[in-house]
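Printed here is entry-v5.csv (CSV, C-alpha atoms and all ligand atoms):
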chain,number,residue,atom,x,y,z
A,232,MET,CA,-7.4,20.4,-7.0
A,233,LEU,CA,-4.1,20.5,-5.1
A,234,ARG,CA,-2.8,23.6,-3.4
A,235,LEU,CA,0.4,23.2,-1.6
A,236,SER,CA,2.1,26.2,0.0
A,237,GLU,CA,5.5,26.4,1.8
A,238,ILE,CA,5.5,22.6,2.5
A,239,LYS,CA,8.5,21.7,4.6
A,240,LYS,CA,9.6,18.3,5.7
A,241,SER,CA,12.6,17.5,7.8
A,242,TYR,CA,13.9,14.2,9.3
A,243,HIS,CA,15.8,13.7,12.5
A,244,ILE,CA,18.6,11.3,12.2
A,245,GLY,CA,20.1,11.1,15.6
A,246,PRO,CA,20.9,14.7,16.8
A,247,THR,CA,21.0,16.1,13.3
A,248,GLU,CA,18.1,17.5,11.4
A,249,VAL,CA,17.9,17.0,7.6
A,250,ASP,CA,15.7,19.4,5.7
A,251,VAL,CA,14.4,17.4,2.7
A,252,LEU,CA,11.6,19.8,1.6
A,253,LYS,CA,12.4,23.4,2.1
A,254,GLY,CA,9.2,25.2,1.2
A,255,VAL,CA,7.5,23.7,-1.8
A,256,SER,CA,4.6,25.6,-3.3
A,257,LEU,CA,2.6,23.9,-6.1
A,258,ASN,CA,-0.9,24.2,-7.5
A,259,VAL,CA,-2.4,21.5,-9.7
A,260,ASP,CA,-5.7,22.1,-11.4
A,261,LYS,CA,-8.4,19.5,-11.9
A,262,GLY,CA,-7.8,17.6,-15.1
A,263,GLU,CA,-4.1,18.4,-15.4
A,264,LEU,CA,-1.4,16.0,-16.5
A,265,ILE,CA,1.7,17.1,-14.8
A,266,SER,CA,5.1,15.6,-14.3
A,267,ILE,CA,7.7,16.3,-11.6
A,268,MET,CA,11.4,15.9,-12.5
A,269,GLY,CA,14.6,16.5,-10.7
A,270,PRO,CA,17.8,14.9,-9.6
A,271,SER,CA,17.8,11.8,-7.3
A,272,GLY,CA,17.4,12.7,-3.7
A,273,CYS,CA,15.9,16.2,-4.3
A,274,GLY,CA,12.7,15.2,-2.5
A,275,LYS,CA,10.3,14.2,-5.2
A,276,SER,CA,9.0,11.0,-3.5
A,277,THR,CA,8.8,12.8,-0.2
A,278,LEU,CA,6.6,15.4,-1.8
A,279,MET,CA,4.5,12.8,-3.6
A,280,ASN,CA,4.0,10.9,-0.3
A,281,ILE,CA,2.7,14.1,1.3
A,282,ILE,CA,0.4,14.8,-1.6
A,283,GLY,CA,-0.9,11.2,-1.3
A,284,LEU,CA,-1.5,11.6,2.5
A,285,LEU,CA,0.8,8.8,3.2
A,286,ASP,CA,3.1,11.1,5.2
A,287,ARG,CA,2.7,14.4,6.9
A,288,PRO,CA,4.8,17.5,6.4
A,289,THR,CA,6.6,19.3,9.2
A,290,SER,CA,4.9,22.6,8.3
A,291,GLY,CA,3.1,24.3,5.5
A,292,SER,CA,-0.4,24.2,4.2
A,293,PHE,CA,-2.0,21.6,1.9
A,294,GLU,CA,-5.5,21.9,0.5
A,295,LEU,CA,-7.0,19.0,-1.4
A,296,ASN,CA,-10.2,19.9,-3.2
A,297,ASP,CA,-10.3,23.1,-1.2
A,298,ALA,CA,-10.2,21.4,2.2
A,299,GLU,CA,-7.1,21.7,4.4
A,300,VAL,CA,-6.0,18.2,5.1
A,301,LEU,CA,-3.0,18.7,7.4
A,302,TYR,CA,-5.0,18.4,10.6
A,303,THR,CA,-7.4,15.7,9.4
A,304,ASN,CA,-7.4,12.6,11.5
A,305,ASP,CA,-5.9,9.3,10.4
A,306,ASP,CA,-9.1,7.5,9.7
A,307,ALA,CA,-10.4,10.3,7.6
A,308,LEU,CA,-7.1,10.4,5.6
A,309,SER,CA,-7.6,6.7,4.9
A,310,ASP,CA,-11.0,7.4,3.5
A,311,ILE,CA,-9.7,10.3,1.3
A,312,ARG,CA,-7.0,8.0,-0.1
A,313,ASN,CA,-9.5,5.3,-0.7
A,314,ARG,CA,-12.1,7.4,-2.4
A,315,ASN,CA,-10.1,10.1,-4.2
A,316,ILE,CA,-6.5,8.9,-4.9
A,317,GLY,CA,-5.2,6.1,-7.0
A,318,PHE,CA,-1.5,5.2,-6.4
A,319,VAL,CA,0.9,3.7,-8.9
A,320,PHE,CA,4.4,2.9,-7.5
A,321,GLN,CA,7.6,2.0,-9.3
A,322,GLN,CA,7.7,-1.4,-7.5
A,323,TYR,CA,4.0,-2.0,-8.3
A,324,PHE,CA,3.2,-3.1,-4.7
A,325,LEU,CA,0.7,-5.8,-5.6
A,326,LEU,CA,-0.1,-8.4,-2.9
A,327,SER,CA,1.7,-11.6,-4.0
A,328,LYS,CA,-0.9,-14.0,-2.6
A,329,LEU,CA,-3.8,-12.4,-4.5
A,330,SER,CA,-4.7,-12.9,-8.2
A,331,ALA,CA,-4.7,-9.9,-10.5
A,332,LEU,CA,-8.5,-9.5,-10.2
A,333,GLU,CA,-8.3,-9.8,-6.4
A,334,ASN,CA,-5.6,-7.1,-6.3
A,335,VAL,CA,-7.8,-4.8,-8.3
A,336,GLU,CA,-10.7,-5.4,-5.9
A,337,LEU,CA,-8.5,-4.9,-2.8
A,338,PRO,CA,-9.4,-1.2,-2.2
A,339,LEU,CA,-13.1,-2.1,-2.2
A,340,MET,CA,-12.5,-4.0,1.0
A,341,TYR,CA,-12.1,-0.7,2.8
A,342,ARG,CA,-15.4,0.9,1.8
A,343,ASP,CA,-18.8,0.3,3.4
A,344,ASP,CA,-20.5,0.8,0.0
A,345,ALA,CA,-18.4,-1.8,-1.7
A,346,ALA,CA,-21.5,-3.6,-2.8
A,347,LYS,CA,-22.2,-1.0,-5.5
A,348,PHE,CA,-18.9,-2.0,-7.2
A,349,THR,CA,-19.6,-5.2,-9.1
A,350,ARG,CA,-17.0,-7.8,-10.0
A,351,GLU,CA,-17.8,-6.8,-13.6
A,352,HIS,CA,-16.6,-3.3,-12.8
A,353,SER,CA,-13.2,-4.7,-11.8
A,354,MET,CA,-13.1,-7.0,-14.8
A,355,GLU,CA,-13.9,-4.0,-17.0
A,356,LEU,CA,-10.9,-2.2,-15.6
A,357,LEU,CA,-8.6,-5.2,-16.3
A,358,ARG,CA,-10.0,-5.2,-19.8
A,359,ARG,CA,-9.3,-1.5,-20.1
A,360,VAL,CA,-5.6,-2.0,-19.2
A,361,GLY,CA,-5.3,-5.0,-21.5
A,362,MET,CA,-5.1,-7.6,-18.7
A,363,ALA,CA,-8.5,-9.3,-18.8
A,364,ASP,CA,-7.0,-12.6,-19.9
A,365,ARG,CA,-4.7,-12.7,-16.9
A,366,ALA,CA,-7.4,-12.0,-14.2
A,367,GLY,CA,-6.6,-15.2,-12.4
A,368,HIS,CA,-2.8,-14.9,-12.5
A,369,ARG,CA,-0.7,-14.1,-9.5
A,370,PRO,CA,1.8,-11.2,-9.7
A,371,SER,CA,4.7,-13.6,-9.8
A,372,GLU,CA,3.3,-15.0,-13.1
A,373,LEU,CA,3.2,-11.6,-14.7
A,374,SER,CA,5.9,-9.4,-16.3
A,375,GLY,CA,6.8,-6.0,-14.8
A,376,GLY,CA,4.7,-4.2,-17.4
A,377,GLN,CA,1.8,-6.5,-16.8
A,378,GLN,CA,2.0,-6.0,-13.1
A,379,GLN,CA,2.0,-2.3,-13.5
A,380,ARG,CA,-1.1,-2.5,-15.7
A,381,VAL,CA,-2.8,-4.4,-12.9
A,382,ALA,CA,-1.7,-1.8,-10.4
A,383,ILE,CA,-3.2,0.9,-12.6
A,384,ALA,CA,-6.5,-1.0,-12.7
A,385,ARG,CA,-6.3,-1.2,-8.9
A,386,ALA,CA,-5.7,2.5,-8.8
A,387,LEU,CA,-8.9,3.1,-10.8
A,388,VAL,CA,-11.2,0.8,-9.0
A,389,CYS,CA,-12.7,3.5,-6.7
A,390,ASN,CA,-13.1,6.0,-9.5
A,391,PRO,CA,-10.5,8.4,-8.1
A,392,ALA,CA,-10.2,12.1,-9.2
A,393,LEU,CA,-6.4,12.0,-8.8
A,394,ILE,CA,-3.7,9.5,-9.8
A,395,LEU,CA,-0.3,9.8,-8.2
A,396,ALA,CA,2.4,7.8,-10.0
A,397,ASP,CA,6.0,7.7,-8.5
A,398,GLU,CA,8.3,6.6,-11.3
A,399,PRO,CA,5.7,4.3,-12.8
A,400,THR,CA,7.9,3.4,-15.7
A,401,GLY,CA,11.2,3.4,-13.7
A,402,ALA,CA,11.5,-0.4,-13.7
A,403,LEU,CA,10.3,-0.9,-17.3
A,404,ASP,CA,12.0,-0.7,-20.7
A,405,THR,CA,11.2,2.2,-23.0
A,406,ASN,CA,8.6,0.5,-25.1
A,407,VAL,CA,6.6,-0.9,-22.2
A,408,GLY,CA,7.0,2.4,-20.3
A,409,GLY,CA,5.6,4.2,-23.4
A,410,GLU,CA,2.6,2.0,-23.3
A,411,ILE,CA,2.0,2.7,-19.6
A,412,MET,CA,2.3,6.4,-20.4
A,413,GLU,CA,-0.3,6.1,-23.1
A,414,LEU,CA,-2.7,4.7,-20.5
A,415,PHE,CA,-2.2,7.6,-18.2
A,416,LYS,CA,-2.7,10.0,-21.1
A,417,GLU,CA,-6.0,8.2,-22.1
A,418,LEU,CA,-7.2,8.3,-18.5
A,419,ASN,CA,-6.5,12.0,-18.3
A,420,ALA,CA,-8.0,12.9,-21.7
A,421,GLU,CA,-11.1,10.6,-21.6
A,422,GLU,CA,-12.0,10.5,-17.9
A,423,GLY,CA,-10.6,13.8,-16.9
A,424,ILE,CA,-8.5,12.3,-14.1
A,425,THR,CA,-5.8,14.6,-12.7
A,426,VAL,CA,-2.5,12.8,-13.1
A,427,VAL,CA,0.8,13.6,-11.3
A,428,ILE,CA,3.8,11.6,-12.5
A,429,ILE,CA,7.3,11.6,-11.1
A,430,THR,CA,9.8,10.6,-13.7
A,431,HIS,CA,13.5,10.7,-14.7
A,432,ASP,CA,12.6,10.2,-18.3
A,433,PRO,CA,12.4,13.4,-20.4
A,434,GLY,CA,10.5,11.5,-23.0
A,435,ILE,CA,7.7,10.9,-20.5
A,436,ALA,CA,7.8,14.4,-19.2
A,437,ARG,CA,7.5,15.8,-22.7
A,438,GLN,CA,4.1,14.2,-23.0
A,439,CYS,CA,2.7,16.0,-20.0
A,440,GLN,CA,1.0,19.4,-20.2
A,441,ARG,CA,3.3,20.8,-17.5
A,442,VAL,CA,6.6,19.9,-16.0
A,443,ALA,CA,7.6,21.0,-12.5
A,444,VAL,CA,11.3,20.8,-11.8
A,445,MET,CA,12.6,20.2,-8.3
A,446,ARG,CA,16.0,20.8,-7.0
A,447,ASN,CA,17.3,20.4,-3.5
A,448,GLY,CA,14.0,20.5,-1.7
A,449,VAL,CA,12.2,23.2,-3.7
A,450,ILE,CA,10.4,23.6,-7.0
A,451,VAL,CA,12.4,25.8,-9.3
A,452,PRO,CA,10.4,28.4,-11.2
B,219,MET,CA,9.8,-16.7,17.6
B,220,ASN,CA,12.4,-15.2,15.4
B,221,VAL,CA,10.6,-16.7,12.4
B,222,MET,CA,7.4,-15.0,13.4
B,223,LEU,CA,9.1,-11.6,13.8
B,224,VAL,CA,10.7,-11.9,10.4
B,225,SER,CA,7.5,-12.8,8.7
B,226,VAL,CA,5.8,-9.8,10.4
B,227,SER,CA,8.5,-7.4,9.2
B,228,GLU,CA,7.8,-8.7,5.7
B,229,ARG,CA,4.2,-8.1,6.3
B,230,ARG,CA,4.8,-4.5,7.3
B,231,ARG,CA,5.0,-3.8,3.6
B,232,GLU,CA,1.6,-5.4,3.1
B,233,ILE,CA,0.3,-3.3,5.9
B,234,GLY,CA,1.7,-0.2,4.1
B,235,ILE,CA,0.1,-1.2,0.8
B,236,ARG,CA,-3.3,-1.8,2.5
B,237,ARG,CA,-3.0,1.5,4.3
B,238,ALA,CA,-2.2,3.3,1.0
B,239,LEU,CA,-5.3,1.8,-0.5
B,240,GLY,CA,-7.5,3.0,2.3
B,241,ALA,CA,-7.3,0.6,5.2
B,242,LYS,CA,-7.7,2.3,8.6
B,243,ARG,CA,-5.6,1.4,11.6
B,244,GLY,CA,-8.5,-0.6,13.0
B,245,ASP,CA,-8.9,-2.5,9.7
B,246,ILE,CA,-5.3,-3.7,9.9
B,247,ARG,CA,-5.6,-4.6,13.6
B,248,GLY,CA,-8.8,-6.5,12.9
B,249,GLN,CA,-7.3,-8.5,10.0
B,250,PHE,CA,-4.2,-9.5,12.0
B,251,LEU,CA,-6.2,-10.3,15.1
B,252,ILE,CA,-8.6,-12.6,13.3
B,253,GLU,CA,-5.7,-14.2,11.3
B,254,SER,CA,-3.6,-15.0,14.4
B,255,ILE,CA,-6.7,-16.3,16.3
B,256,ILE,CA,-7.5,-18.7,13.4
B,257,LEU,CA,-3.9,-19.8,13.0
B,258,SER,CA,-3.6,-20.4,16.7
B,259,LEU,CA,-6.8,-22.4,16.8
B,260,ILE,CA,-5.6,-24.6,13.9
B,261,GLY,CA,-2.3,-25.0,15.6
B,262,GLY,CA,-4.0,-25.9,18.9
B,263,VAL,CA,-6.2,-28.6,17.2
B,264,LEU,CA,-3.1,-30.0,15.3
B,265,GLY,CA,-1.2,-29.9,18.6
B,266,ILE,CA,-3.8,-31.9,20.5
B,267,LEU,CA,-4.1,-34.5,17.7
B,268,PHE,CA,-0.4,-34.9,17.5
B,269,GLY,CA,0.1,-35.0,21.3
B,270,VAL,CA,-2.6,-37.5,21.9
B,271,GLY,CA,-1.5,-39.6,19.0
B,272,ALA,CA,2.1,-39.6,20.2
B,273,SER,CA,1.0,-40.4,23.8
B,274,VAL,CA,-1.1,-43.4,22.6
B,275,ILE,CA,1.8,-44.8,20.6
B,276,ILE,CA,4.4,-44.3,23.3
B,277,SER,CA,2.2,-45.7,26.1
B,278,HIS,CA,1.4,-48.7,23.9
B,279,PHE,CA,5.1,-49.6,23.3
B,280,ALA,CA,6.2,-48.6,26.8
B,281,LYS,CA,3.3,-50.5,28.3
B,282,TRP,CA,2.2,-47.5,30.3
B,283,GLN,CA,-1.2,-46.7,31.3
B,284,PHE,CA,-2.7,-44.2,28.9
B,285,ALA,CA,-4.7,-41.3,30.4
B,286,LEU,CA,-5.8,-37.9,29.0
B,287,SER,CA,-5.6,-34.9,31.3
B,288,SER,CA,-7.9,-32.2,30.1
B,289,GLY,CA,-6.2,-29.8,32.4
B,290,ALA,CA,-2.9,-30.4,30.7
B,291,ILE,CA,-4.4,-30.0,27.3
B,292,LEU,CA,-6.1,-26.8,28.2
B,293,LEU,CA,-3.0,-25.4,29.7
B,294,GLY,CA,-0.8,-26.3,26.7
B,295,VAL,CA,-3.3,-25.0,24.2
B,296,GLY,CA,-4.1,-22.0,26.2
B,297,VAL,CA,-0.4,-21.0,26.5
B,298,SER,CA,0.4,-21.7,22.9
B,299,ASN,CA,-2.7,-19.8,21.7
B,300,ALA,CA,-1.9,-16.8,23.9
B,301,VAL,CA,1.7,-16.7,22.6
B,302,GLY,CA,0.6,-17.2,19.0
B,303,ILE,CA,-2.1,-14.5,19.2
B,304,PHE,CA,0.3,-12.1,20.9
B,305,PHE,CA,3.1,-12.5,18.4
B,306,GLY,CA,0.7,-12.4,15.4
B,307,TYR,CA,-1.2,-9.4,16.6
B,308,TYR,CA,1.1,-7.2,18.6
B,309,PRO,CA,3.7,-6.4,15.8
B,310,ALA,CA,0.9,-5.8,13.4
B,311,ARG,CA,-0.7,-3.4,15.8
B,312,GLN,CA,2.6,-1.6,16.1
B,313,ALA,CA,2.9,-1.4,12.3
B,314,SER,CA,-0.6,-0.1,12.0
B,315,LEU,CA,0.4,2.9,14.1
B,316,LEU,CA,3.1,3.9,11.7
B,317,ASP,CA,2.6,6.5,9.0
B,318,PRO,CA,1.6,4.4,5.9
B,319,ILE,CA,4.8,5.5,4.1
B,320,VAL,CA,7.0,4.1,6.9
B,321,ALA,CA,5.3,0.7,6.7
B,322,LEU,CA,5.4,0.8,2.9
B,323,LYS,CA,9.2,1.5,2.8
B,324,SER,CA,10.1,-1.3,5.1
B,325,ASP,CA,11.9,-4.3,3.7
C,1,LIG,N1,12.7,8.3,6.4
C,1,LIG,C1,13.7,9.1,6.1
C,1,LIG,N2,14.6,9.4,7.0
C,1,LIG,C2,15.6,10.2,6.7
C,1,LIG,N3,15.9,10.7,5.5
C,1,LIG,C3,15.0,10.4,4.5
C,1,LIG,C4,13.9,9.6,4.7
C,1,LIG,N4,13.2,9.5,3.6
C,1,LIG,C5,13.9,10.2,2.7
C,1,LIG,N5,15.0,10.8,3.2
C,1,LIG,C6,15.9,11.6,2.5
C,1,LIG,O1,15.2,12.6,1.8
C,1,LIG,C7,15.9,12.9,0.6
C,1,LIG,C8,14.9,12.9,-0.5
C,1,LIG,O2,14.4,11.6,-0.7
C,1,LIG,P1,13.3,11.3,-1.8
C,1,LIG,O3,13.0,9.8,-1.8
C,1,LIG,O4,12.2,12.2,-1.7
C,1,LIG,O5,14.1,11.6,-3.2
C,1,LIG,P2,13.7,11.5,-4.7
C,1,LIG,O6,13.7,12.9,-5.3
C,1,LIG,O7,12.4,10.7,-4.8
C,1,LIG,O8,14.9,10.6,-5.3
C,1,LIG,P3,14.8,9.5,-6.4
C,1,LIG,O9,14.8,10.2,-7.7
C,1,LIG,O10,16.1,8.8,-6.2
C,1,LIG,O11,13.6,8.6,-6.1
C,1,LIG,C9,17.0,11.9,0.4
C,1,LIG,O12,18.2,12.6,0.8
C,1,LIG,C10,16.7,10.9,1.5
C,1,LIG,O13,17.9,10.3,2.0
C,2,MG,MG,11.8,8.8,-5.5
Could you express the structure from this file as structure tokens?
Amino acid sequence: MLRLSEIKKSYHIGPTEVDVLKGVSLNVDKGELISIMGPSGCGKSTLMNIIGLLDRPTSGSFELNDAEVLYTNDDALSDIRNRNIGFVFQQYFLLSKLSALENVELPLMYRDDAAKFTREHSMELLRRVGMADRAGHRPSELSGGQQQRVAIARALVCNPALILADEPTGALDTNVGGEIMELFKELNAEEGITVVIITHDPGIARQCQRVAVMRNGVIVP
Amino acid sequence: MNVMLVSVSERRREIGIRRALGAKRGDIRGQFLIESIILSLIGGVLGILFGVGASVIISHFAKWQFALSSGAILLGVGVSNAVGIFFGYYPARQASLLDPIVALKSD
């Protein structure tokens, strides 16, 4: 599903160039549940943002579903994100002015075939993450764990093949984080969704089929 | 002006979120263009009502002759709409050109 090879990313800060990713190679098969661990600042989020087509690498090759995506134009990348990738962020990133249900429906706004996704489909997803009774609530009226559940329902609304979660439990206590992890495991086992999770929590990593460890801009074997 | 710029920088994150969820650059531009046109129109109508109301009251107490100048109204509303639409749309257009992650990370 994902084939990254020799991915490099550097930033220019004034005259100096900082190499954040120094040649990352990583394959993820369809249906895998994999976590990425590593010390703070080693480049995990940078890598995840490249995998999620939110950012472009400086060099390397990246195939998503056997198609090279590095030279794909911006509009096509938006479509790939919308149709194939569900994002879950540490800070949830819900829109504060929208209700839980409206947040779940938000990605549908950016598809021309949105009509085939009913409101019941979005409600069903809220039910699935245990948030059906909060459909009308704003994010500010929800706890962190509840907001993350809504964010997961939003990530699922377009039936993605891949979920990318950057420290999804990083702002939650261990119990709530464990419940969120259970959701990811269910989605992986029952729907066959490929899940990539960045985490600092060894307890979360242990529940994944595979752990990739990053250090200083590379994945250590 | 400052107020509008600040609120746009807050909305850069919203733009980043929408882009992550699949919004294209054009979708973002369209949303902010429509939004700033609507806001400017509402502002224009409120401005006319307020201006006319204030003129009526002032001319009544000052015993001036009250007269409406459609040219002045058009000029005032036109200028304020142009400013409003520009400052609503232009920063959003710039943000739509960023990589989604840059917009998402802004705070
Ligand atoms: N836009 C940027 N400009 C310059 N440097 C950046 C930029 N984004 C990230 N970096 C640098 O890249 C390095 C890796 O950042 P990244 O966010 O990928 O780390 P991380 O492994 O996710 O860390 P954490 O576990 O703390 O989230 C850091 O040293 C960071 O300062
Ligand atoms: Mg990070």
Kindly provide, as a VMD selection string, the polymer residues lying within 9 Å of (2.3, 8.6, -20.9), counting only C-alpha atoms and using the coordinates exactly as they appear in the file.
chain A and resid 408 to 417 434 to 436 438 to 439
Distance filter 10 Å, only C-alpha atoms, chain B against chain A, as a VMD selection string:
chain B and resid 231 to 232 234 to 245 315 to 322
Grab the atom CA of A:Leu252 to atom C8 of ligand LIG 1 (chain C) distance for me, in Å with one decimal place.
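Result for atom CA of A:Leu252 versus atom C8 of ligand LIG 1 (chain C): 7.9 Å, one decimal.
Protein, DNA and RNA residues at most 12 Å from (-8.1, -8.9, -18.3), with only C-alpha atoms, are these: Ser330, Ala331, Leu332, Glu333, Val335, Glu351, His352, Ser353, Met354, Glu355, Leu356, Leu357, Arg358, Arg359, Val360, Gly361, Met362, Ala363, Asp364, Arg365, Ala366, Gly367, His368, Gln377, Gln378, Arg380, Val381 and Ala384 of chain A.
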Please measure the separation of atom CA of A:Val426 and atom CA of A:Cys273, giving the value in Å to one decimal.
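Interatomic distance, atom CA of A:Val426 to atom CA of A:Cys273: 20.7 Å.
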Could you jot down the atom CA of A:Gly254 to atom CA of A:His431 separation for me, Å, one decimal place?
21.9 Å
Residues up to 10 Å from ligand MG 2 (chain C), counting all atoms listed in the file: could you list those as a ChimeraX atom specification?
/A:268-280,320-321,397-398,401,429-431
Preceding selection exported with C-alpha atoms as a CSV table (one decimal), keeping the file's coordinate frame:
chain,number,residue,atom,x,y,z
A,268,MET,CA,11.4,15.9,-12.5
A,269,GLY,CA,14.6,16.5,-10.7
A,270,PRO,CA,17.8,14.9,-9.6
A,271,SER,CA,17.8,11.8,-7.3
A,272,GLY,CA,17.4,12.7,-3.7
A,273,CYS,CA,15.9,16.2,-4.3
A,274,GLY,CA,12.7,15.2,-2.5
A,275,LYS,CA,10.3,14.2,-5.2
A,276,SER,CA,9.0,11.0,-3.5
A,277,THR,CA,8.8,12.8,-0.2
A,278,LEU,CA,6.6,15.4,-1.8
A,279,MET,CA,4.5,12.8,-3.6
A,280,ASN,CA,4.0,10.9,-0.3
A,320,PHE,CA,4.4,2.9,-7.5
A,321,GLN,CA,7.6,2.0,-9.3
A,397,ASP,CA,6.0,7.7,-8.5
A,398,GLU,CA,8.3,6.6,-11.3
A,401,GLY,CA,11.2,3.4,-13.7
A,429,ILE,CA,7.3,11.6,-11.1
A,430,THR,CA,9.8,10.6,-13.7
A,431,HIS,CA,13.5,10.7,-14.7
Just want the 9 Å neighbourhood of A:Leu301, counted on only C-alpha atoms, with same-chain residues fewer than 4 positions away dropped. Output as a ChimeraX atom specification.
/A:284,287-288,290-294
Env of A:Asp260: 8 Å cut, atoms = all atoms listed in the file, seq-sep filter 5 positions within chain, self excluded. Answer as an mmCIF file with C-alpha atoms, keeping the file's coordinate frame.
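Heads up, here's the output in around.cif:
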data_model
loop_
_atom_site.group_PDB
_atom_site.id
_atom_site.type_symbol
_atom_site.label_atom_id
_atom_site.label_comp_id
_atom_site.auth_asym_id
_atom_site.auth_seq_id
_atom_site.Cartn_x
_atom_site.Cartn_y
_atom_site.Cartn_z
ATOM 1 C CA MET A 232 -7.400 20.400 -7.000
ATOM 2 C CA LEU A 233 -4.100 20.500 -5.100
ATOM 3 C CA THR A 425 -5.800 14.600 -12.700
#
Identify which of the residues A:Lys261, A:His243, A:Arg350, A:Lys253 lies closest to A:Val427, counting all atoms listed in the file when measuring atom-to-atom distances.
A:Lys261
Restricting to all atoms listed in the file, whichever of A:Ala420, A:Ala396, A:Val388, A:Ala346 is closest to ligand LIG 1 (chain C) is A:Ala396
I need the residue nearest ligand LIG 1 (chain C) from this list: A:Ala382, A:Ile244, A:Leu373, A:Leu329. Use all atoms listed in the file for the distance.
A:Ile244
